[in-house]
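*Asks:* PDB, C-alpha atoms, saved as input.pdb, coming up:
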ATOM      1  CA  MET P   1       0.000   0.000   0.000
ATOM      2  CA  LEU P   2       2.880   2.365   0.789
ATOM      3  CA  VAL P   3       4.329   1.764  -2.660
ATOM      4  CA  LEU P   4       1.076   1.895  -4.601
ATOM      5  CA  ALA P   5      -0.531   4.855  -2.816
ATOM      6  CA  PRO P   6       1.785   7.568  -4.272
ATOM      7  CA  ALA P   7       1.534   6.075  -7.767
ATOM      8  CA  LEU P   8      -2.254   5.863  -7.487
ATOM      9  CA  ALA P   9      -2.445   9.460  -6.242
ATOM     10  CA  LEU P  10      -0.300  10.632  -9.162
ATOM     11  CA  LEU P  11      -2.480   8.703 -11.621
ATOM     12  CA  VAL P  12      -5.656  10.226 -10.166
ATOM     13  CA  TYR P  13      -4.150  13.712 -10.353
ATOM     14  CA  TRP P  14      -3.074  13.130 -13.973
ATOM     15  CA  ASN P  15      -6.552  11.901 -14.880
ATOM     16  CA  PHE P  16      -8.466  14.777 -13.324
ATOM     17  CA  ALA P  17      -6.059  17.432 -14.604
ATOM     18  CA  GLY P  18      -6.554  16.133 -18.127
ATOM     19  CA  LEU P  19     -10.277  15.711 -17.548
ATOM     20  CA  LEU P  20     -10.662  19.369 -16.596
ATOM     21  CA  TYR P  21      -8.598  20.412 -19.615
ATOM     22  CA  THR P  22     -10.720  18.354 -22.026
ATOM     23  CA  ILE P  23     -14.040  19.450 -20.542
ATOM     24  CA  GLY P  24     -12.814  23.025 -20.750
ATOM     25  CA  ALA P  25     -12.215  22.461 -24.474
ATOM     26  CA  LEU P  26     -15.782  21.271 -25.134
ATOM     27  CA  PRO P  27     -16.961  24.767 -26.203
ATOM     28  CA  ARG P  28     -14.469  24.437 -29.080
ATOM     29  CA  ALA P  29     -15.726  20.971 -30.025
ATOM     30  CA  GLY P  30     -15.387  20.370 -33.740
ATOM     31  CA  THR P  31     -12.643  22.943 -34.259
ATOM     32  CA  ILE P  32      -9.855  20.904 -32.655
ATOM     33  CA  GLY P  33      -8.725  17.296 -32.595
ATOM     34  CA  ASP P  34      -9.285  14.480 -35.061
ATOM     35  CA  TRP P  35     -12.811  15.580 -35.908
ATOM     36  CA  PHE P  36     -11.489  18.871 -37.293
ATOM     37  CA  TYR P  37      -8.968  17.102 -39.536
ATOM     38  CA  TRP P  38     -11.645  14.821 -40.961
ATOM     39  CA  GLY P  39     -12.961  17.913 -42.713
ATOM     40  CA  TRP P  40      -9.793  17.946 -44.822
ATOM     41  CA  VAL P  41     -10.149  14.366 -46.053
ATOM     42  CA  ASN P  42     -10.986  13.943 -49.718
ATOM     43  CA  PRO P  43     -13.317  10.914 -50.016
ATOM     44  CA  ALA P  44     -11.940  10.228 -53.489
ATOM     45  CA  ASP P  45      -8.400   9.868 -52.108
ATOM     46  CA  PRO P  46      -8.621   9.547 -48.315
ATOM     47  CA  TYR P  47      -5.263   7.836 -47.911
ATOM     48  CA  ALA P  48      -3.405  10.916 -49.051
ATOM     49  CA  PHE P  49      -3.454  11.692 -45.325
ATOM     50  CA  GLU P  50      -0.992   9.386 -43.570
ATOM     51  CA  TRP P  51      -3.083   9.121 -40.401
ATOM     52  CA  VAL P  52      -6.158   7.703 -42.155
ATOM     53  CA  ARG P  53      -6.307   3.943 -41.553
ATOM     54  CA  TRP P  54     -10.054   3.386 -41.562
ATOM     55  CA  SER P  55     -11.580   1.188 -44.243
ATOM     56  CA  PRO P  56     -13.058   2.926 -47.303
ATOM     57  CA  PRO P  57     -16.679   2.283 -46.169
ATOM     58  CA  ALA P  58     -15.886   3.723 -42.722
ATOM     59  CA  VAL P  59     -14.270   6.765 -44.309
ATOM     60  CA  ALA P  60     -17.369   7.292 -46.437
ATOM     61  CA  VAL P  61     -19.580   7.164 -43.334
ATOM     62  CA  MET P  62     -17.379   9.651 -41.495
ATOM     63  CA  VAL P  63     -17.343  12.046 -44.450
ATOM     64  CA  PHE P  64     -21.148  11.833 -44.512
ATOM     65  CA  LEU P  65     -21.484  12.508 -40.766
ATOM     66  CA  HIS P  66     -18.907  15.283 -40.547
ATOM     67  CA  PRO P  67     -21.140  18.144 -41.807
ATOM     68  CA  TRP P  68     -23.663  17.348 -39.058
ATOM     69  CA  GLY P  69     -21.214  18.477 -36.399
ATOM     70  CA  LEU P  70     -19.542  16.837 -33.423
ATOM     71  CA  TRP P  71     -22.180  17.365 -30.731
ATOM     72  CA  PRO P  72     -24.453  14.503 -31.913
ATOM     73  CA  VAL P  73     -21.399  12.222 -31.749
ATOM     74  CA  ILE P  74     -20.610  13.375 -28.200
ATOM     75  CA  ALA P  75     -24.238  12.710 -27.237
ATOM     76  CA  ALA P  76     -23.945   9.227 -28.782
ATOM     77  CA  HIS P  77     -20.900   8.555 -26.589
ATOM     78  CA  LEU P  78     -22.914   9.391 -23.491
ATOM     79  CA  VAL P  79     -25.878   7.280 -24.585
ATOM     80  CA  ALA P  80     -23.576   4.329 -25.334
ATOM     81  CA  LEU P  81     -22.461   4.151 -21.701
ATOM     82  CA  ALA P  82     -26.012   3.279 -20.654
ATOM     83  CA  PHE P  83     -25.599  -0.105 -22.359
ATOM     84  CA  LEU P  84     -22.970  -1.049 -19.773
ATOM     85  CA  ARG P  85     -25.825  -1.437 -17.258
ATOM     86  CA  ASP P  86     -23.523  -0.975 -14.259
ATOM     87  CA  TRP P  87     -23.728   2.397 -12.525
ATOM     88  CA  ARG P  88     -20.280   1.986 -10.988
ATOM     89  CA  LEU P  89     -18.635   1.412 -14.344
ATOM     90  CA  ILE P  90     -20.631   4.241 -15.934
ATOM     91  CA  ALA P  91     -19.515   6.609 -13.161
ATOM     92  CA  ILE P  92     -15.874   5.624 -13.637
ATOM     93  CA  ALA P  93     -16.142   6.113 -17.401
ATOM     94  CA  LEU P  94     -17.669   9.571 -16.967
ATOM     95  CA  LEU P  95     -14.781  10.535 -14.688
ATOM     96  CA  ALA P  96     -12.146   9.099 -17.027
ATOM     97  CA  TRP P  97     -10.096  11.465 -19.154
ATOM     98  CA  PRO P  98      -9.723   8.898 -22.014
ATOM     99  CA  PHE P  99     -13.498   8.708 -22.454
ATOM    100  CA  TRP P 100     -13.888  12.462 -22.917
ATOM    101  CA  GLU P 101     -10.821  12.604 -25.136
ATOM    102  CA  ASP P 102     -12.403  10.008 -27.406
ATOM    103  CA  ALA P 103     -15.698  11.926 -27.453
ATOM    104  CA  LEU P 104     -13.997  15.244 -28.204
ATOM    105  CA  ASN P 105     -12.139  13.675 -31.130
ATOM    106  CA  GLY P 106     -15.260  11.987 -32.503
ATOM    107  CA  GLY P 107     -13.632   8.584 -32.173
ATOM    108  CA  VAL P 108     -15.121   5.095 -32.075
ATOM    109  CA  THR P 109     -13.027   3.587 -29.265
ATOM    110  CA  THR P 110     -15.786   4.045 -26.697
ATOM    111  CA  PHE P 111     -18.329   2.383 -29.000
ATOM    112  CA  ALA P 112     -15.951  -0.546 -29.535
ATOM    113  CA  PHE P 113     -15.395  -0.886 -25.781
ATOM    114  CA  VAL P 114     -19.124  -0.862 -24.972
ATOM    115  CA  ALA P 115     -19.879  -3.331 -27.781
ATOM    116  CA  GLY P 116     -17.022  -5.565 -26.634
ATOM    117  CA  TRP P 117     -18.255  -5.462 -23.045
ATOM    118  CA  ALA P 118     -21.745  -6.445 -24.171
ATOM    119  CA  ALA P 119     -20.336  -9.216 -26.377
ATOM    120  CA  ILE P 120     -18.411 -10.693 -23.451
ATOM    121  CA  GLU P 121     -21.602 -10.608 -21.386
ATOM    122  CA  GLY P 122     -23.313 -12.684 -24.081
ATOM    123  CA  SER P 123     -25.103 -10.071 -26.190
ATOM    124  CA  SER P 124     -25.430 -11.046 -29.855
ATOM    125  CA  VAL P 125     -26.041  -7.416 -30.826
ATOM    126  CA  GLY P 126     -22.911  -6.371 -28.957
ATOM    127  CA  LEU P 127     -20.945  -9.121 -30.676
ATOM    128  CA  ALA P 128     -22.106  -8.037 -34.126
ATOM    129  CA  ALA P 129     -21.382  -4.375 -33.355
ATOM    130  CA  PHE P 130     -17.881  -5.101 -32.082
ATOM    131  CA  VAL P 131     -16.987  -7.326 -35.040
ATOM    132  CA  LEU P 132     -18.271  -4.711 -37.470
ATOM    133  CA  LEU P 133     -16.240  -1.939 -35.806
ATOM    134  CA  ALA P 134     -13.148  -4.143 -35.660
ATOM    135  CA  VAL P 135     -13.383  -4.778 -39.404
ATOM    136  CA  LEU P 136     -14.381  -1.265 -40.461
ATOM    137  CA  VAL P 137     -11.844   0.484 -38.206
ATOM    138  CA  PRO P 138      -9.170  -2.184 -37.630
ATOM    139  CA  ARG P 139      -6.717  -1.552 -34.840
ATOM    140  CA  PRO P 140      -4.311  -3.862 -32.994
ATOM    141  CA  LEU P 141      -6.085  -2.623 -29.868
ATOM    142  CA  MET P 142      -9.152  -4.692 -30.808
ATOM    143  CA  LEU P 143      -7.300  -7.852 -31.809
ATOM    144  CA  PRO P 144      -7.073  -9.631 -28.407
ATOM    145  CA  LEU P 145     -10.785  -9.241 -27.707
ATOM    146  CA  LEU P 146     -11.631 -10.249 -31.280
ATOM    147  CA  LEU P 147      -9.557 -13.430 -30.938
ATOM    148  CA  TRP P 148     -11.031 -14.165 -27.510
ATOM    149  CA  LEU P 149     -14.572 -13.867 -28.868
ATOM    150  CA  ALA P 150     -13.724 -16.025 -31.883
ATOM    151  CA  TRP P 151     -12.353 -18.702 -29.552
ATOM    152  CA  HIS P 152     -15.274 -18.700 -27.117
ATOM    153  CA  ARG P 153     -18.228 -18.053 -29.445
ATOM    154  CA  SER P 154     -18.551 -19.939 -32.720
ATOM    155  CA  VAL P 155     -20.954 -17.382 -34.161
ATOM    156  CA  ALA P 156     -18.202 -14.781 -33.826
ATOM    157  CA  ARG P 157     -16.085 -16.634 -36.386
ATOM    158  CA  TRP P 158     -18.923 -16.504 -38.920
ATOM    159  CA  LEU P 159     -19.538 -12.825 -38.236
ATOM    160  CA  ILE P 160     -15.862 -12.017 -38.706
ATOM    161  CA  ALA P 161     -15.743 -13.872 -42.029
ATOM    162  CA  VAL P 162     -18.926 -12.252 -43.348
ATOM    163  CA  ALA P 163     -17.981  -8.741 -42.181
ATOM    164  CA  ALA P 164     -14.463  -9.005 -43.594
ATOM    165  CA  PHE P 165     -15.758 -10.282 -46.926
ATOM    166  CA  GLY P 166     -18.314  -7.481 -47.115
ATOM    167  CA  VAL P 167     -15.769  -4.755 -46.341
ATOM    168  CA  VAL P 168     -13.353  -6.153 -48.939
ATOM    169  CA  VAL P 169     -16.062  -6.279 -51.613
ATOM    170  CA  VAL P 170     -17.259  -2.732 -50.895
ATOM    171  CA  SER P 171     -13.683  -1.411 -50.786
ATOM    172  CA  LEU P 172     -12.945  -3.094 -54.100
ATOM    173  CA  ALA P 173     -16.087  -1.560 -55.613
ATOM    174  CA  MET P 174     -14.900   1.843 -54.381
ATOM    175  CA  ASN P 175     -11.519   1.195 -56.047
ATOM    176  CA  GLN P 176      -9.724   1.861 -52.747
ATOM    177  CA  LEU P 177      -8.893  -1.628 -51.513
ATOM    178  CA  GLY P 178      -5.257  -1.480 -52.638
ATOM    179  CA  PRO P 179      -4.413   1.891 -51.019
ATOM    180  CA  TRP P 180      -6.152   0.816 -47.805
ATOM    181  CA  ILE P 181      -4.233  -2.459 -47.517
ATOM    182  CA  GLN P 182      -1.008  -0.626 -48.293
ATOM    183  CA  ARG P 183      -1.749   1.819 -45.478
ATOM    184  CA  LEU P 184      -2.480  -0.994 -43.032
ATOM    185  CA  ALA P 185       0.794  -2.681 -43.970
ATOM    186  CA  GLU P 186       2.789   0.380 -43.014
ATOM    187  CA  ILE P 187       4.513  -0.035 -39.663
ATOM    188  CA  GLY P 188       5.180   3.000 -37.581
ATOM    189  CA  THR P 189       4.267   4.932 -34.467
ATOM    190  CA  PRO P 190       2.918   8.456 -34.164
ATOM    191  CA  PRO P 191       5.612  11.013 -33.352
ATOM    192  CA  THR P 192       3.478  12.539 -30.588
ATOM    193  CA  PHE P 193       0.788  11.509 -28.105
ATOM    194  CA  ASN P 194       2.108   7.958 -27.827
ATOM    195  CA  LEU P 195       1.841   6.570 -24.294
ATOM    196  CA  ALA P 196       3.337   3.158 -25.104
ATOM    197  CA  PRO P 197       6.984   2.218 -24.415
ATOM    198  CA  SER P 198       7.459   2.289 -28.197
ATOM    199  CA  ALA P 199       7.757   6.067 -27.821
ATOM    200  CA  LEU P 200      11.127   5.380 -26.152
ATOM    201  CA  ILE P 201      12.392   2.138 -27.721
ATOM    202  CA  GLY P 202      10.480   2.043 -31.000
ATOM    203  CA  GLY P 203       9.589  -1.286 -32.591
ATOM    204  CA  TRP P 204      11.653  -3.229 -30.040
ATOM    205  CA  TRP P 205       8.677  -2.904 -27.723
ATOM    206  CA  LEU P 206       6.724  -5.377 -29.896
ATOM    207  CA  LEU P 207       9.159  -8.175 -29.002
ATOM    208  CA  LEU P 208       7.880  -7.981 -25.446
ATOM    209  CA  ALA P 209       4.388  -6.602 -26.044
ATOM    210  CA  LEU P 210       3.036  -9.338 -28.320
ATOM    211  CA  PRO P 211       3.924 -12.298 -26.036
ATOM    212  CA  LEU P 212       2.657 -10.260 -23.083
ATOM    213  CA  ALA P 213      -0.629  -9.543 -24.862
ATOM    214  CA  ALA P 214      -1.056 -13.230 -25.732
ATOM    215  CA  TRP P 215      -0.421 -14.285 -22.133
ATOM    216  CA  LEU P 216      -2.828 -11.683 -20.763
ATOM    217  CA  MET P 217      -5.495 -12.715 -23.270
ATOM    218  CA  MET P 218      -5.228 -16.361 -22.234
ATOM    219  CA  ARG P 219      -5.572 -15.249 -18.623
ATOM    220  CA  GLY P 220      -8.751 -13.372 -19.503
ATOM    221  CA  ARG P 221      -7.239  -9.946 -18.804
ATOM    222  CA  LEU P 222      -8.642  -8.478 -21.984
ATOM    223  CA  GLY P 223      -8.260  -4.811 -21.084
ATOM    224  CA  LEU P 224      -4.539  -5.100 -20.388
ATOM    225  CA  ALA P 225      -4.065  -7.433 -23.356
ATOM    226  CA  SER P 226      -5.701  -4.933 -25.714
ATOM    227  CA  VAL P 227      -3.446  -2.076 -24.651
ATOM    228  CA  ALA P 228      -0.345  -4.288 -24.708
ATOM    229  CA  ALA P 229      -1.105  -5.494 -28.248
ATOM    230  CA  SER P 230      -1.117  -1.975 -29.675
ATOM    231  CA  PRO P 231       2.266  -0.808 -31.060
ATOM    232  CA  TYR P 232       1.287   2.708 -29.995
ATOM    233  CA  VAL P 233      -1.221   3.912 -27.428
ATOM    234  CA  HIS P 234      -3.248   7.062 -27.840
ATOM    235  CA  LEU P 235      -4.854   8.440 -24.715
ATOM    236  CA  TYR P 236      -8.354   7.334 -25.686
ATOM    237  CA  TYR P 237      -7.126   3.763 -26.194
ATOM    238  CA  LEU P 238      -7.014   3.517 -22.396
ATOM    239  CA  VAL P 239     -10.814   3.262 -22.390
ATOM    240  CA  PHE P 240     -10.275  -0.449 -23.068
ATOM    241  CA  LEU P 241      -8.682  -0.798 -19.620
ATOM    242  CA  LEU P 242     -12.204  -0.604 -18.215
ATOM    243  CA  LEU P 243     -12.616  -4.201 -19.416
ATOM    244  CA  GLU P 244     -10.638  -5.126 -16.305
ATOM    245  CA  PHE P 245     -13.779  -4.376 -14.280
ATOM    246  CA  ARG P 246     -15.606  -7.343 -15.769
ATOM    247  CA  LYS P 247     -17.445  -9.532 -13.268
ATOM    248  CA  ASP P 248     -15.392 -12.665 -13.883
ATOM    249  CA  GLY P 249     -15.144 -14.000 -10.372
ATOM    250  CA  HIS P 250     -12.143 -13.577  -8.112
ATOM    251  CA  GLN P 251     -10.001 -12.170 -10.941
ATOM    252  CA  SER P 252     -12.221  -9.136 -11.522
ATOM    253  CA  LEU P 253     -10.908  -5.737 -10.494
ATOM    254  CA  TRP P 254     -13.969  -5.265  -8.291
ATOM    255  CA  SER P 255     -13.170  -8.437  -6.332
ATOM    256  CA  ARG P 256      -9.433  -7.769  -6.159
ATOM    257  CA  SER P 257     -10.020  -4.227  -4.910
ATOM    258  CA  ALA P 258     -12.412  -5.453  -2.228
ATOM    259  CA  GLU P 259      -9.889  -8.107  -1.196
ATOM    260  CA  ILE P 260      -7.084  -5.551  -0.863
ATOM    261  CA  ILE P 261      -9.279  -3.235   1.205
ATOM    262  CA  GLN P 262     -10.378  -6.116   3.436
ATOM    263  CA  ARG P 263      -6.782  -7.146   4.079
ATOM    264  CA  ALA P 264      -5.791  -3.561   4.837
ATOM    265  CA  VAL P 265      -8.495  -3.012   7.448
ATOM    266  CA  ALA P 266      -8.376  -6.538   8.946
ATOM    267  CA  PRO P 267      -5.678  -5.743  11.587
ATOM    268  CA  MET P 268      -7.799  -2.828  12.848
ATOM    269  CA  ARG P 269     -10.874  -4.993  13.497
ATOM    270  CA  PRO P 270     -11.594  -6.940  16.728
ATOM    271  CA  ALA P 271     -10.507 -10.583  16.759
ATOM    272  CA  HIS P 272     -14.051 -11.948  17.093
ATOM    273  CA  SER P 273     -15.137  -9.829  14.096
ATOM    274  CA  ARG P 274     -12.319 -11.211  11.955
ATOM    275  CA  ALA P 275     -13.309 -14.755  12.869
ATOM    276  CA  GLU P 276     -16.914 -14.160  11.904
ATOM    277  CA  THR P 277     -16.032 -12.738   8.476
ATOM    278  CA  ALA P 278     -13.152 -15.105   7.639
ATOM    279  CA  PRO P 279     -13.514 -16.740   4.193
ATOM    280  CA  ALA P 280     -14.905 -20.239   4.291
ATOM    281  CA  GLY P 281     -11.878 -21.573   2.446
ATOM    282  CA  HIS P 282      -9.656 -20.680   5.428
ATOM    283  CA  SER P 283     -11.817 -22.419   8.035
ATOM    284  CA  GLY P 284     -10.749 -25.753   9.519
ATOM    285  CA  SER P 285     -14.171 -27.312   8.919
ATOM    286  CA  TRP P 286     -14.079 -26.713   5.173
ATOM    287  CA  ASP P 287     -12.239 -28.691   2.540
ATOM    288  CA  ARG P 288      -9.993 -26.269   0.633
ATOM    289  CA  GLY P 289     -10.030 -28.424  -2.451
ATOM    290  CA  HIS P 290     -13.777 -28.207  -2.954
ATOM    291  CA  ARG P 291     -16.359 -25.495  -3.176
ATOM    292  CA  SER P 292     -18.867 -27.344  -0.998
ATOM    293  CA  PRO P 293     -18.368 -27.764   2.801
ATOM    294  CA  VAL P 294     -16.989 -31.168   3.812
ATOM    295  CA  ARG P 295     -16.686 -32.254   7.430
ATOM    296  CA  ARG P 296     -13.389 -33.828   8.324
TER
END
Could you render the structure as structure tokens?

*Replies:*
Amino acid sequence: MLVLAPALALLVYWNFAGLLYTIGALPRAGTIGDWFYWGWVNPADPYAFEWVRWSPPAVAVMVFLHPWGLWPVIAAHLVALAFLRDWRLIAIALLAWPFWEDALNGGVTTFAFVAGWAAIEGSSVGLAAFVLLAVLVPRPLMLPLLLWLAWHRSVARWLIAVAAFGVVVVSLAMNQLGPWIQRLAEIGTPPTFNLAPSALIGGWWLLLALPLAAWLMMRGRLGLASVAASPYVHLYYLVFLLLEFRKDGHQSLWSRSAEIIQRAVAPMRPAHSRAETAPAGHSGSWDRGHRSPVRR
């Protein structure tokens, strides 16, 4: 606790300082950030801009939506959080700088996170939405969750195949498939706003990041795996870390946080109170190897 407390305090300060800065920039929404630069994109040759990596159909949708302004997109970000159906998670998201940074830039990371969360919880609509976003706006950030869904849900494999085929056909019809694939094949990191270790050591980070992401994915730590799999990390990519709050038993961040708090306050509680609230697995009359009570 002595080691983690200063780091946690610094992280909270960093988050709220950035949160206040981004909220203060909301009156200028649409004149700054990625949304502003989308106004420069020529739909006939979108890949003339080196930062455009979206698929041709996704670019066409963005070019269509851009004249409507950014505020409807910001409102859609807020509405999307309601589909999480957990007030604690919604509150954390609303207080998270990455969420507002994504909204201010008119990004789709929040939509992908919410759809991915719903897909993990078993929603077919969430699964279809996540697969569609992962194919239309492909990012390494989405790859661990996409692979996890394909492994655990057979319908996900069919959705991925159909969505990928559809995007390829539409891109080919738009005569932009070649430039798009060429752009995706380019390897590089943004010169600024990169929070990953690749900002310091470049591509060498991938030698550690990819095995780490695979290990985290197999452990079910999809939020950490998603961030680790990305060669570069923009601020709004950190929205995917909220996947660590999934209710997946003792490994969930909710359960781990409660366990840490319980251990911290245990020495300050009376002895009889500690005995009454001790976990069943640590009692002498319970078999530690089984979930059900067994008398010795």

*Asks:* Quick one: which residues end up in the PyMOL selection byres ((chain P and resi 144-154) around 10) for this structure, as a VMD selection string?

*Replies:* chain P and resid 113 116 to 117 119 to 120 122 127 130 to 131 134 to 135 140 to 143 155 to 160 213 to 214 216 to 218 220 to 230 240 243

*Asks:* Would you work out the distance separating atom CA of Trp14 of chain P from atom CA of Val137 of chain P, expressed in Å to one decimal?

*Replies:* 28.7 Å

*Asks:* Could you tell me which residues the PyMOL selection byres ((chain P and resi 32) around 12) grabs in this file, written as a PDB file with C-alpha atoms, keeping the file's coordinate frame?

*Replies:*
ATOM      1  CA  THR P  22     -10.720  18.354 -22.026  1.00  0.00           C
ATOM      2  CA  ALA P  25     -12.215  22.461 -24.474  1.00  0.00           C
ATOM      3  CA  LEU P  26     -15.782  21.271 -25.134  1.00  0.00           C
ATOM      4  CA  PRO P  27     -16.961  24.767 -26.203  1.00  0.00           C
ATOM      5  CA  ARG P  28     -14.469  24.437 -29.080  1.00  0.00           C
ATOM      6  CA  ALA P  29     -15.726  20.971 -30.025  1.00  0.00           C
ATOM      7  CA  GLY P  30     -15.387  20.370 -33.740  1.00  0.00           C
ATOM      8  CA  THR P  31     -12.643  22.943 -34.259  1.00  0.00           C
ATOM      9  CA  GLY P  33      -8.725  17.296 -32.595  1.00  0.00           C
ATOM     10  CA  ASP P  34      -9.285  14.480 -35.061  1.00  0.00           C
ATOM     11  CA  TRP P  35     -12.811  15.580 -35.908  1.00  0.00           C
ATOM     12  CA  PHE P  36     -11.489  18.871 -37.293  1.00  0.00           C
ATOM     13  CA  TYR P  37      -8.968  17.102 -39.536  1.00  0.00           C
ATOM     14  CA  TRP P  38     -11.645  14.821 -40.961  1.00  0.00           C
ATOM     15  CA  GLY P  39     -12.961  17.913 -42.713  1.00  0.00           C
ATOM     16  CA  LEU P  70     -19.542  16.837 -33.423  1.00  0.00           C
ATOM     17  CA  GLU P 101     -10.821  12.604 -25.136  1.00  0.00           C
ATOM     18  CA  ALA P 103     -15.698  11.926 -27.453  1.00  0.00           C
ATOM     19  CA  LEU P 104     -13.997  15.244 -28.204  1.00  0.00           C
ATOM     20  CA  ASN P 105     -12.139  13.675 -31.130  1.00  0.00           C
ATOM     21  CA  GLY P 106     -15.260  11.987 -32.503  1.00  0.00           C
TER      22      GLY P 106
END

*Asks:* Rounded to one decimal, what separation in Å do you get between atom CA of Arg53 of chain P and atom CA of Ala93 of chain P?

*Replies:* 26.2 Å

*Asks:* Quote the spacing between atom CA of Leu84 of chain P and atom CA of Ala58 of chain P in Å to one decimal place.

*Replies:*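 Atom-to-atom, atom CA of Leu84 of chain P and atom CA of Ala58 of chain P are spaced 24.5 Å apart.
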